[in-house]
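> Structure incoming, see below.
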Amino acid sequence: MGIPGCPSDDFQVWQAFKAGSEKAFDFIYDAHFSRLYRYGSRLCPDQDLVKDCIQNLFVALWKNKSHLGDVHSIQSYLGKSLRRSIFKELHSGKRHLRAGEPSEDYHAEVAFSPERMLIGEQVRQENSDRLQHAFLRLTKRQREAVLLRFYQELEYPAIAEMMSLKEVKYARTLVYRSLDALRVNIRKLACVE
């Protein structure tokens, strides 16, 4: 995270922010807004709600900066906070959800683009459709784990923190089991066709 006048790692940036540095706060906002938006959009289809939750998160951070604890991974801290905020908003609305659980319209989706120009368009589309269908057959937690690991490129400790898992090994297990389930789903879909 190197910008002029900003420390080089998350811990130092967070400390500067907690001490009242507007430059550190702006840096955190600029560095993480897009990722938070992409992640939030996968948790909730309501883009306005996602944007509001992100804005409210940053407002609350600034207001409470002197009372916040130390953070070693800003991305995982913000992601976990946003996740909690979105589910809280969904829960407080007309939908009745258990605290911390996504709604039925929760849609951790993967948008696939053509990966190779050499493979014919029809084959690509069939593979993409098969993978999308296999992905949607995963449980909500499995989809979120795959999303965090492979599309947000988070490490297992950050996944464990964001998903409120007690230990890092549970995050690894969840991702591995999700990938196994995805493979099984793909095989089943291939046999049906």
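Simple scheme: letters A, B, ... for chains in structure tokens order, numbers from 1 for residues in each chain, numbers from 1 for ligands in the order shown.
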Write out as a ChimeraX atom specification each polymer residue whose atoms come within 9 Å of segment 25-38 of chain A, counting only C-alpha atoms; drop sequence neighbours fewer than 4 positions from it.
/A:1,3,6,13-14,16-18,20-21,42-43,47,50-51,54,58,62,74-75,78-79,82,152
> Name the closest residue to Cys53 of chain A among the candidates A:Tyr156, A:Phe150, A:Tyr39, A:Phe11; distances are taken between atoms, counting only C-alpha atoms.
A:Tyr39
> Provide the atom CA of Arg183 of chain A to atom CA of Ala160 of chain A distance in Å, to one decimal place.
22.7 Å
> Using backbone DSSP assignments, extract all helix (DSSP H, G or I) residues from segment 121-180 of chain A; output them as a VMD selection string.
chain A and resid 121 to 136 140 to 151 156 to 162 168 to 180
> Rank A:Glu22, A:Glu144, A:Asp9, A:Glu89 by their smallest atom-to-atom distance to Ala171 of chain A, using only C-alpha atoms, and report the top residue only.
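Among the listed residues, A:Glu144 lies closest to Ala171 of chain A.
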> Please compute the atom CA of Val146 of chain A-atom CA of Leu174 of chain A distance, one decimal, in Å.
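Going from atom CA of Val146 of chain A over to atom CA of Leu174 of chain A, I get 8.8 Å.
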> If we count only C-alpha atoms, what is near Leu49 of chain A at a cut-off of 10 Å, once residues fewer than 4 positions away on the same chain are taken out, given as a list in words?
Gly40, Ser41, Cys44, Pro45, Cys53, Ile54, Gln55, Ser85, Ile86, Glu89 and Leu90 of chain A
> Please produce an output containing C-alpha atoms for each residue in the selection, written as a tab-separated table (two decimals), in the first residue's frame.

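File written: part_7.tsv
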```
chain	number	residue	atom	x	y	z
A	40	GLY	CA	-21.56	-6.60	-1.37
A	41	SER	CA	-23.20	-6.89	-4.79
A	44	CYS	CA	-27.32	-8.57	-2.10
A	45	PRO	CA	-28.89	-7.67	-5.46
A	53	CYS	CA	-24.09	0.12	3.71
A	54	ILE	CA	-20.59	0.94	2.44
A	55	GLN	CA	-21.10	4.66	3.01
A	85	SER	CA	-24.23	-4.51	7.88
A	86	ILE	CA	-25.93	-5.89	4.75
A	89	GLU	CA	-30.28	-4.28	6.86
A	90	LEU	CA	-31.89	-7.23	5.12
```
